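To start, the structure under review is shown below, and the notes come after it.
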Amino acid sequence: MKLNNNIKTAIRVAKIELNSMFYSPVAWLVLVIFGFQIGMSFAQVYGEQVRYQDMGYDLWSVTSGVYTGMRGILPPIQRYIYLYIPLITMGLMSREYQSGSIKLLYSSPVKNISIIMGKFLSMMVYGGMLMAVLGVFVIFSAITIVNFDYPLVLSGMLGLYLLILAYSAIGLFMSSITKYQVVAAIGTLAVLAILNFIGDVGQDYDLVRHITYWLSITGRAYPFIEGLVASDNIFYFLIVIGFFLALSILKLNTEKTIMSLRTKILKYCGIILATLFLGYVSSTPYTKLYYDATYTKSNTLAKESQDVIKNLDGDLTITTYVNLMDENLYAGLPRNRNDDFKRFEKYYRFKPDIKMKYVYYYDKANNSSLEWRFPNKTFEERVELLCQANKLNRKMFMTPEEIKEIIDLTPEHNKFIRIVERENGQKAYLRMFNDNEKHPAEAEISATLKRFISPSPMVAFSIGYGSREIDNYGGRGFYLFAEDKWFRQSLLNNGFDTKTIDLDKDPIDDSINVLVISDLREPLSEIALEKVQDYIAKGGNLFILGEYGRRENMNRLTEPLGVKFSDGVLVNKNEYTSPTVLVGFFTEDAAKKYPMYEKLHKYGYVVALPTSVALDYSNVCDFEVTPVLVSDKEAWLERETTDFVDGEFVYNPSAGEEMGEHTVLLTMKRKIGDKEQRIVISGDSDFIANEALTSQFTGISASNYSIINGSFRWLSYEQFPIDTKRAETIDSRLRLPKGCRSIINWFCMGIFPLCIMGLGIVTIFRRQRK
């Protein structure tokens with residue numbers, strides 16, 4: 001009964017406060033400005049989607065494009081909403097002090113908790129009004145966007161609403177400690193500024209870093225906007241709200257009831273300690289719960305990654321070795337550890353016992369920037385200057401001699417590197433890559449972890465006879481994709497082991513999972529050919545790559561399989577680059593059979609093949625053949641022109657040149673006993689060579705990397721690389737006629753804000769008449 005009375009009293013207080021709030025112009029002005037800002041952003045972003053559709057372009061993930069991401073309307077709201085809330089909260093209690101009505105409240109049987117909760121309840125209603133303004137645009141989007149992603153947007157609205165409530169609780173507390181409304185507003189802004197910037201304080205020290213990072217309110221609503229509802233963020237808002245409401249109640253209690261200074265201090269300290277304790281408990285990896293509201297589940301590990309984590313029993317430690325002299329130093333500095341933790345947060349969700357350690361040292365590294373940044377300086381002088389510039393204590397870094405006693409990182413060129421170690425002693429490397437993203441993504445991390453529970457497939461590259469070499473850094477070599485440690489798409493970084501094999505001397509034993517034979521400039525010896533044929537007869541998997549001018553040597557290898565290489569080079573009309581750079585299109589059959597190629601085929605990605613020949617598989621008998629890459633129907637086999645630089649390519653049927661769709665890459669499979677044998681044959685070796693993987697083919701949306709991933713995933717029986725593909729978005733169309741963009745602009749930036757203004761004027765005018 002007592003609880004019910006307190007609740008009823010709080011509701012009455014809230015009603016009185018709402019009446020006062022909405023009969024003043026400030027609350028309505030905030031709603032009008034808020035509605036105009038959202039309308040302006042919505043008109044711009046949504047209008048772009050309308051324009052694209054009117055121009056005939058395909059839309060993709062419309063809900064996310066309008067509401068989240070870099071241009072979405074929700075992220076900016078959390079940046080400017082803090083300017084509005086202090087205007088509303090500044091008078092919640094200050095007005096009571098200023099008018100003297102607080103004395104009446106103290107002398108009445110109304111409990112202080114009812115006063116504070118009533119005031120806060122009024123702000124909950126006002127926050128709901130702000131969300132209702134946003135909700136108008138959400139309802140419009142839900143009606144006009146086909147397959148609108150409701151959970152994603154509702155998650156973002158929940159985050160913003162919790163943020164508004166947290167700001168309101170802070171504003172209510174500041175209003176309870178002063179009778180001056182302007183001071184309360186400025187004080188609220190000051191507290192919000194502190195909570196927004198405190199996350200950068202003391203980041204170099206472990207204990208301080210964890211406390212200040214948790215206290216920071218910056219970006220707390222962003223995971224909600226991105227569709228991730230995490231329990232630690234929900235508890236953060238609830239704890240902040242509870243903390244400031246408790247302070248407000250205690251402030252009223254200290255004025256209404258006589259308390260000693262000691263009692264006051266103990267009560268305030270108790271509230272602070274309870275807040276920190278709840279914050280610690282709710283933020284540990286073991287207590288966190290997650291809900292991914294996105295349709296694609298982009299905030300969650302893909303299924304294969306989850307399976308890897310589930311099979312990893314025992315402790316797992318990730319030790320990061322940070323070299324002061326390396327260009328990637330800053331990613332591992334103490335002040336950036338919280339950001340570094342986020343890179344593995346998806347894995348902590350499924351394995352909270354992961355431990356992260358950091359080892360700091362200095363040693364020589366391939367960092368050319370040091371030469372022009374610190375010219376004419378010795379190694380030791382550069383070490384000292386780097387420590388001074390970054391405000392680092394040199395004692396935290398091990399010397400070259402000390403780090404070598406622990407681990408020799410010379411084979412890794414002393415680069416920034418992580419070593420993942422299991423409780424049973426298994427180790428694997430996680431490296432930084434020479435690209436814009438730098439850090440390993442889910443595919444590379446999961447592939448590294450999967451090495452612990454699944455044997456890495458061995459890919460053997462044949463040497464000799466002119467075959468491409470995996471230690472060749474030149475344009476025609478296979479170094480990048482075969483064994484480059486710092487190339488993201490290399491086999492080494494995607495779960496494979498590689499080696500070379502001399503077909504004349506070395507046996508092709510059971511340790512080899514895939515045999516790669518490429519670009520035979522010389523015919524295989526009888527010994528080598530017999531070994532390969534025996535390997536094929538036993539059901540071994542192969543990747544065979546031909547090349548223009550190697551027809552006889554390659555056919556000697558593939559004719560028993562029923563596949564022949566053509567004697568001419570395939571050319572196509574190309575206004576941007578050489579006609580000998582063939583555009584290979586993914587076939588519909590390949591898209592249906594191989595998920596790796598499905599999206600590429602759907603969105604029109606192609607593969608660029610320099611100097612490719614055609615494959616004839618008309619004589620294949622025992623295998624099921626699937627063409628993966630084909631030319632367009634206007635490509636032809638050029639047999640006359642051999643000068644690829646200055647020669648003129650003209651289609652001449654009388655010279656035996658054949659125009660039409662030609663297969664340039666295919667897969668073959670058959671059953672041998674209990675095993676399915678898989679073979680990939682390509683008409684070109686250059687398309688996955690170093691030069692092709694680092695070149696931009698002008699005018700061609702080339703995706704040559706995909707052939708590496710797709711082919712070797714198929715050859716390894718879908719074990720590696722890790723498939724991180726997620727569900728396709730389905731909100732890709734608007735239910736709107738053409739030419740309605742101007743109407744949307746008028747409504748969002750004109751009619752809608754004016755409607756809010758009109759409602760406010762009518763409400764205030766009716767109040768004044770009464």
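Every chain in the structure tokens has a letter given in the order shown (A, B, ...), and although residue numbers restart at 1 in each chain, ligands are simply numbered from 1 in the order shown.
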
In region 597-761 of chain A, what's strand (DSSP E or B) per DSSP? Answer as a compact mmCIF listing (two decimals) with all heavy atoms, in the first residue's frame?
# COMPACT_ATOMS: atom_id res chain seq x y z
N VAL A 606 34.04 -9.51 -61.88
CA VAL A 606 34.71 -10.33 -62.89
C VAL A 606 36.14 -10.61 -62.45
O VAL A 606 36.60 -10.11 -61.43
CB VAL A 606 34.69 -9.63 -64.27
CG1 VAL A 606 33.26 -9.46 -64.77
CG2 VAL A 606 35.40 -8.29 -64.20
N VAL A 607 36.85 -11.39 -63.27
CA VAL A 607 38.26 -11.69 -63.04
C VAL A 607 39.03 -11.29 -64.29
O VAL A 607 38.59 -11.56 -65.41
CB VAL A 607 38.46 -13.18 -62.74
CG1 VAL A 607 39.94 -13.52 -62.66
CG2 VAL A 607 37.76 -13.56 -61.44
N ALA A 608 40.16 -10.62 -64.09
CA ALA A 608 41.00 -10.20 -65.21
C ALA A 608 42.09 -11.24 -65.43
O ALA A 608 42.85 -11.56 -64.52
CB ALA A 608 41.62 -8.84 -64.93
N LEU A 609 42.16 -11.80 -66.65
CA LEU A 609 43.12 -12.85 -66.97
C LEU A 609 44.03 -12.39 -68.10
O LEU A 609 43.64 -12.37 -69.28
CB LEU A 609 42.41 -14.15 -67.38
CG LEU A 609 41.49 -14.78 -66.33
CD1 LEU A 609 40.05 -14.36 -66.56
CD2 LEU A 609 41.61 -16.31 -66.38
N PRO A 610 45.27 -12.00 -67.82
CA PRO A 610 46.21 -11.62 -68.88
C PRO A 610 46.66 -12.85 -69.66
O PRO A 610 47.01 -13.88 -69.07
CB PRO A 610 47.37 -10.99 -68.11
CG PRO A 610 46.87 -10.75 -66.73
CD PRO A 610 45.81 -11.79 -66.49
N LEU A 615 39.82 -23.46 -72.62
CA LEU A 615 39.84 -24.85 -72.18
C LEU A 615 38.75 -25.63 -72.92
O LEU A 615 37.59 -25.21 -72.96
CB LEU A 615 39.59 -24.95 -70.67
CG LEU A 615 40.57 -24.20 -69.76
CD1 LEU A 615 40.11 -24.28 -68.30
CD2 LEU A 615 41.97 -24.76 -69.89
N ASP A 616 39.15 -26.75 -73.48
CA ASP A 616 38.20 -27.65 -74.16
C ASP A 616 38.03 -28.89 -73.29
O ASP A 616 38.96 -29.67 -73.11
CB ASP A 616 38.76 -28.03 -75.54
CG ASP A 616 37.84 -29.00 -76.29
OD1 ASP A 616 36.75 -29.31 -75.77
OD2 ASP A 616 38.23 -29.46 -77.38
N GLU A 624 32.57 -34.80 -63.16
CA GLU A 624 31.53 -33.79 -63.28
C GLU A 624 32.20 -32.44 -63.42
O GLU A 624 32.93 -32.01 -62.54
CB GLU A 624 30.63 -33.79 -62.05
CG GLU A 624 29.54 -32.72 -62.07
CD GLU A 624 28.78 -32.62 -60.77
OE1 GLU A 624 28.70 -33.64 -60.05
OE2 GLU A 624 28.29 -31.51 -60.46
N VAL A 625 31.98 -31.78 -64.55
CA VAL A 625 32.68 -30.53 -64.87
C VAL A 625 31.75 -29.34 -64.64
O VAL A 625 30.57 -29.38 -65.04
CB VAL A 625 33.19 -30.53 -66.32
CG1 VAL A 625 33.92 -29.21 -66.63
CG2 VAL A 625 34.10 -31.72 -66.58
N THR A 626 32.29 -28.28 -64.03
CA THR A 626 31.55 -27.03 -63.85
C THR A 626 32.40 -25.87 -64.35
O THR A 626 33.44 -25.57 -63.75
CB THR A 626 31.20 -26.79 -62.37
OG1 THR A 626 30.45 -27.89 -61.87
CG2 THR A 626 30.40 -25.50 -62.20
N PRO A 627 32.01 -25.22 -65.44
CA PRO A 627 32.73 -24.01 -65.86
C PRO A 627 32.53 -22.91 -64.82
O PRO A 627 31.40 -22.63 -64.42
CB PRO A 627 32.06 -23.63 -67.19
CG PRO A 627 31.31 -24.84 -67.61
CD PRO A 627 30.92 -25.57 -66.37
N VAL A 628 33.61 -22.30 -64.37
CA VAL A 628 33.54 -21.24 -63.36
C VAL A 628 33.68 -19.87 -63.99
O VAL A 628 32.90 -18.96 -63.71
CB VAL A 628 34.62 -21.45 -62.29
CG1 VAL A 628 34.62 -20.29 -61.29
CG2 VAL A 628 34.41 -22.76 -61.55
N LEU A 629 34.65 -19.71 -64.87
CA LEU A 629 34.87 -18.44 -65.56
C LEU A 629 34.77 -18.65 -67.06
O LEU A 629 35.37 -19.59 -67.60
CB LEU A 629 36.25 -17.87 -65.22
CG LEU A 629 36.50 -17.40 -63.78
CD1 LEU A 629 37.94 -16.93 -63.62
CD2 LEU A 629 35.54 -16.27 -63.40
N VAL A 630 34.04 -17.76 -67.70
CA VAL A 630 33.93 -17.80 -69.16
C VAL A 630 34.11 -16.40 -69.70
O VAL A 630 33.92 -15.40 -69.00
CB VAL A 630 32.56 -18.37 -69.62
CG1 VAL A 630 32.39 -19.82 -69.19
CG2 VAL A 630 31.41 -17.50 -69.10
N TRP A 636 37.50 -13.89 -78.89
CA TRP A 636 37.91 -14.89 -79.89
C TRP A 636 39.34 -15.35 -79.61
O TRP A 636 40.12 -14.69 -78.92
CB TRP A 636 37.80 -14.32 -81.30
CG TRP A 636 38.82 -13.28 -81.68
CD1 TRP A 636 40.05 -13.49 -82.21
CD2 TRP A 636 38.68 -11.86 -81.53
NE1 TRP A 636 40.70 -12.30 -82.41
CE2 TRP A 636 39.87 -11.28 -82.02
CE3 TRP A 636 37.67 -11.02 -81.06
CZ2 TRP A 636 40.09 -9.91 -82.03
CZ3 TRP A 636 37.88 -9.66 -81.08
CH2 TRP A 636 39.07 -9.11 -81.56
N LEU A 637 39.66 -16.51 -80.17
CA LEU A 637 41.00 -17.07 -80.06
C LEU A 637 41.86 -16.46 -81.17
O LEU A 637 41.67 -16.74 -82.35
CB LEU A 637 40.96 -18.58 -80.21
CG LEU A 637 40.63 -19.39 -78.95
CD1 LEU A 637 40.39 -20.84 -79.29
CD2 LEU A 637 41.76 -19.27 -77.94
N GLU A 638 42.79 -15.63 -80.77
CA GLU A 638 43.69 -14.97 -81.73
C GLU A 638 44.87 -15.89 -82.02
O GLU A 638 45.62 -16.26 -81.11
CB GLU A 638 44.18 -13.64 -81.15
CG GLU A 638 45.14 -12.90 -82.04
CD GLU A 638 44.51 -12.44 -83.34
OE1 GLU A 638 43.38 -11.90 -83.31
OE2 GLU A 638 45.15 -12.64 -84.40
N MET A 659 35.27 -17.22 -82.51
CA MET A 659 34.62 -16.24 -81.65
C MET A 659 33.46 -16.90 -80.91
O MET A 659 32.74 -17.71 -81.47
CB MET A 659 34.09 -15.05 -82.47
CG MET A 659 33.36 -14.00 -81.63
SD MET A 659 32.77 -12.59 -82.57
CE MET A 659 34.31 -11.71 -82.85
N THR A 663 35.49 -21.12 -72.14
CA THR A 663 35.75 -21.41 -70.73
C THR A 663 37.23 -21.19 -70.43
O THR A 663 38.10 -21.67 -71.16
CB THR A 663 35.37 -22.85 -70.39
OG1 THR A 663 33.98 -23.05 -70.65
CG2 THR A 663 35.66 -23.16 -68.93
N VAL A 664 37.51 -20.46 -69.34
CA VAL A 664 38.91 -20.19 -68.98
C VAL A 664 39.27 -20.76 -67.61
O VAL A 664 40.45 -20.81 -67.26
CB VAL A 664 39.21 -18.67 -69.02
CG1 VAL A 664 39.17 -18.17 -70.46
CG2 VAL A 664 38.24 -17.89 -68.15
N LEU A 665 38.28 -21.16 -66.83
CA LEU A 665 38.56 -21.82 -65.55
C LEU A 665 37.40 -22.76 -65.24
O LEU A 665 36.23 -22.37 -65.38
CB LEU A 665 38.74 -20.81 -64.41
CG LEU A 665 39.25 -21.40 -63.08
CD1 LEU A 665 40.24 -20.45 -62.42
CD2 LEU A 665 38.11 -21.67 -62.11
N LEU A 666 37.73 -23.98 -64.85
CA LEU A 666 36.70 -24.97 -64.56
C LEU A 666 37.09 -25.83 -63.38
O LEU A 666 38.26 -25.87 -62.97
CB LEU A 666 36.43 -25.84 -65.80
CG LEU A 666 37.61 -26.59 -66.43
CD1 LEU A 666 37.93 -27.89 -65.69
CD2 LEU A 666 37.30 -26.91 -67.89
N THR A 667 36.10 -26.49 -62.84
CA THR A 667 36.34 -27.44 -61.75
C THR A 667 35.89 -28.83 -62.20
O THR A 667 34.95 -28.96 -63.01
CB THR A 667 35.59 -27.06 -60.47
OG1 THR A 667 34.18 -27.07 -60.72
CG2 THR A 667 36.01 -25.69 -59.98
N MET A 668 36.54 -29.84 -61.67
CA MET A 668 36.21 -31.24 -61.99
C MET A 668 36.19 -32.04 -60.69
O MET A 668 37.04 -31.84 -59.81
CB MET A 668 37.25 -31.84 -62.94
CG MET A 668 37.49 -31.02 -64.20
SD MET A 668 38.91 -31.60 -65.15
CE MET A 668 38.40 -33.26 -65.56
N LYS A 669 35.23 -32.93 -60.59
CA LYS A 669 35.19 -33.78 -59.41
C LYS A 669 34.65 -35.16 -59.78
O LYS A 669 33.88 -35.31 -60.73
CB LYS A 669 34.34 -33.16 -58.31
CG LYS A 669 32.85 -33.07 -58.60
CD LYS A 669 32.10 -32.51 -57.41
CE LYS A 669 30.59 -32.47 -57.67
NZ LYS A 669 29.84 -31.95 -56.51
N ARG A 670 35.08 -36.15 -58.99
CA ARG A 670 34.61 -37.52 -59.16
C ARG A 670 34.83 -38.28 -57.87
O ARG A 670 35.62 -37.87 -57.01
CB ARG A 670 35.33 -38.22 -60.32
CG ARG A 670 36.81 -38.45 -60.06
CD ARG A 670 37.47 -39.20 -61.19
NE ARG A 670 38.91 -39.35 -60.97
CZ ARG A 670 39.74 -39.94 -61.83
NH1 ARG A 670 39.28 -40.45 -62.97
NH2 ARG A 670 41.03 -40.02 -61.55
N LYS A 671 34.16 -39.40 -57.74
CA LYS A 671 34.30 -40.25 -56.57
C LYS A 671 35.36 -41.32 -56.84
O LYS A 671 35.31 -42.01 -57.85
CB LYS A 671 32.98 -40.93 -56.25
CG LYS A 671 32.03 -40.09 -55.42
CD LYS A 671 32.47 -40.06 -53.95
CE LYS A 671 31.41 -39.37 -53.08
NZ LYS A 671 31.85 -39.34 -51.67
N ILE A 672 36.31 -41.44 -55.93
CA ILE A 672 37.28 -42.53 -55.97
C ILE A 672 37.26 -43.18 -54.59
O ILE A 672 37.82 -42.65 -53.63
CB ILE A 672 38.69 -42.03 -56.32
CG1 ILE A 672 38.71 -41.45 -57.73
CG2 ILE A 672 39.71 -43.15 -56.18
CD1 ILE A 672 40.08 -41.01 -58.19
N LYS A 675 36.46 -41.19 -51.25
CA LYS A 675 36.97 -39.82 -51.37
C LYS A 675 36.43 -39.15 -52.62
O LYS A 675 36.26 -39.79 -53.65
CB LYS A 675 38.50 -39.84 -51.41
CG LYS A 675 39.15 -38.47 -51.53
CD LYS A 675 40.66 -38.59 -51.60
CE LYS A 675 41.32 -37.22 -51.72
NZ LYS A 675 42.79 -37.32 -51.84
N GLU A 676 36.18 -37.85 -52.52
CA GLU A 676 35.81 -37.06 -53.69
C GLU A 676 37.04 -36.32 -54.18
O GLU A 676 37.59 -35.47 -53.46
CB GLU A 676 34.69 -36.07 -53.35
CG GLU A 676 34.24 -35.26 -54.57
CD GLU A 676 33.10 -34.32 -54.27
OE1 GLU A 676 33.38 -33.17 -53.85
OE2 GLU A 676 31.93 -34.74 -54.45
N GLN A 677 37.46 -36.64 -55.37
CA GLN A 677 38.63 -35.97 -55.95
C GLN A 677 38.19 -34.66 -56.58
O GLN A 677 37.16 -34.58 -57.26
CB GLN A 677 39.27 -36.85 -57.02
CG GLN A 677 40.53 -36.23 -57.63
CD GLN A 677 41.16 -37.13 -58.68
OE1 GLN A 677 40.46 -37.89 -59.35
NE2 GLN A 677 42.47 -37.07 -58.82
N ARG A 678 38.98 -33.61 -56.35
CA ARG A 678 38.64 -32.28 -56.85
C ARG A 678 39.84 -31.69 -57.59
O ARG A 678 40.97 -31.71 -57.09
CB ARG A 678 38.21 -31.36 -55.71
CG ARG A 678 36.96 -31.87 -54.98
CD ARG A 678 36.51 -30.92 -53.88
NE ARG A 678 35.25 -31.37 -53.29
CZ ARG A 678 34.57 -30.69 -52.37
NH1 ARG A 678 35.05 -29.54 -51.92
NH2 ARG A 678 33.42 -31.16 -51.91
N ILE A 679 39.56 -31.14 -58.75
CA ILE A 679 40.61 -30.57 -59.61
C ILE A 679 40.13 -29.23 -60.16
O ILE A 679 38.98 -29.10 -60.58
CB ILE A 679 40.97 -31.52 -60.77
CG1 ILE A 679 41.49 -32.86 -60.24
CG2 ILE A 679 42.01 -30.88 -61.70
CD1 ILE A 679 41.71 -33.90 -61.31
N VAL A 680 41.00 -28.24 -60.12
CA VAL A 680 40.73 -26.93 -60.73
C VAL A 680 41.73 -26.73 -61.86
O VAL A 680 42.94 -26.94 -61.68
CB VAL A 680 40.85 -25.79 -59.70
CG1 VAL A 680 40.59 -24.43 -60.37
CG2 VAL A 680 39.89 -26.00 -58.54
N ILE A 681 41.24 -26.33 -63.02
CA ILE A 681 42.12 -26.08 -64.17
C ILE A 681 41.84 -24.67 -64.69
O ILE A 681 40.69 -24.28 -64.90
CB ILE A 681 41.90 -27.11 -65.29
CG1 ILE A 681 42.15 -28.53 -64.76
CG2 ILE A 681 42.81 -26.82 -66.49
CD1 ILE A 681 41.92 -29.62 -65.80
N SER A 682 42.93 -23.93 -64.91
CA SER A 682 42.83 -22.55 -65.40
C SER A 682 43.62 -22.40 -66.69
O SER A 682 44.67 -23.04 -66.86
CB SER A 682 43.36 -21.57 -64.34
OG SER A 682 43.58 -20.30 -64.90
N ALA A 702 37.74 -6.03 -61.26
CA ALA A 702 38.41 -7.32 -61.09
C ALA A 702 38.39 -7.77 -59.63
O ALA A 702 38.61 -6.99 -58.72
CB ALA A 702 39.85 -7.23 -61.58
N LEU A 734 12.15 0.82 -52.75
CA LEU A 734 11.23 1.77 -52.14
C LEU A 734 9.88 1.69 -52.85
O LEU A 734 9.81 1.58 -54.07
CB LEU A 734 11.77 3.20 -52.25
CG LEU A 734 13.13 3.48 -51.59
CD1 LEU A 734 13.56 4.90 -51.89
CD2 LEU A 734 13.06 3.26 -50.09

Near-region 320-331 of chain A list (10 Å; only C-alpha atoms; drop same-chain fewer than 4 positions) as number ranges by chain: A: 335-337, 339-340, 356-370, 379, 382-383, 386-387, 390, 392, 394, 397-398, 400, 403, 407, 409, 413-420, 430-432, 438-439

Nearest-residue call for Gly159 (chain A), choices A:Val229, A:Leu273, A:Ile501, A:Ala635, using only C-alpha atoms: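 Distance minimum relative to Gly159 (chain A) lands on A:Val229.
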
Calculated over only C-alpha atoms, which of the candidates A:Val650, A:Ala590, A:Ala193, A:Ile743 has the smallest distance to Lys573 (chain A)?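 Nearest to Lys573 (chain A): A:Val650.
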
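The closest residue to Pro151 (chain A), picked from A:Phe36, A:Tyr84, A:Phe374, A:Tyr295 and counting only C-alpha atoms, is A:Tyr295.
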
All helix (DSSP H, G or I) residues (DSSP, backbone) inside region 153-329 of chain A, as an MDAnalysis selection string: chainID A and resid 153:176 181:200 206:215 222:225 231:256 261:283 303:310 329

Of the listed residues A:Phe461, A:Asp292, A:Asp232, A:Trp372, that which approaches Leu278 (chain A) most closely, counting only C-alpha atoms: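 With only C-alpha atoms as the atom set, the closest residue is A:Asp232.
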
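Taking CA of Thr144 (chain A) as the reference point, CA of Arg733 (chain A) is found at 8.5 Å.
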
Shortest interatomic distance to Lys505 (chain A) - which of A:Gly464, A:Leu492, A:Glu522, A:Val45, counting only C-alpha atoms: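 Comparing A:Gly464, A:Leu492, A:Glu522, A:Val45 against Lys505 (chain A), the winner is A:Gly464.
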
From the options A:Cys740, A:Leu163, A:Leu491, A:Leu92, which residue's atoms come nearest to Lys119 (chain A), counting only C-alpha atoms? A:Leu92

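Counting only C-alpha atoms, region 307-311 of chain A has the following residues at most 9 Å away, ignoring those fewer than 5 positions along the same chain: Ala302, Tyr347, Phe350, Lys351, Ser446, Ala447, Leu449, Lys450 and Ile453 of chain A.
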
Just the number, please: distance in Å from CA of Phe137 (chain A) to CA of Arg51 (chain A), one decimal. 18.1 Å

Between CA of Tyr180 (chain A) and CA of Thr254 (chain A), what is the distance, to one decimal in Å?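 According to the coordinates, CA of Tyr180 (chain A) and CA of Thr254 (chain A) are separated by 19.3 Å.
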
Need the shell around Gly314 (chain A): protein/DNA/RNA residues with any atom at most 9 Å away, counting only C-alpha atoms. Skip same-chain ones fewer than 4 positions apart. Format as a ChimeraX atom specification? /A:353,422-424

Contacts of Ser155 (chain A) at 9 Å (only C-alpha atoms; same-chain gap of 4+ positions) as a ChimeraX atom specification: /A:150-151,159-160,223-229,293

Would you pick out the contacts of Pro721 (chain A) at 7 Å or less, using only C-alpha atoms, so that residues sharing its chain but fewer than 3 positions from it are not included, and give the list as a PyMOL selection string? chain A and resi 447+494-495+709+713

Could you pull the residues within 10 Å of Ser141 (chain A), counting only C-alpha atoms, minus those fewer than 3 positions along the same chain, as a PyMOL selection string? chain A and resi 42+46+62-63+66-67+135-138+144-146+148-150+734-735
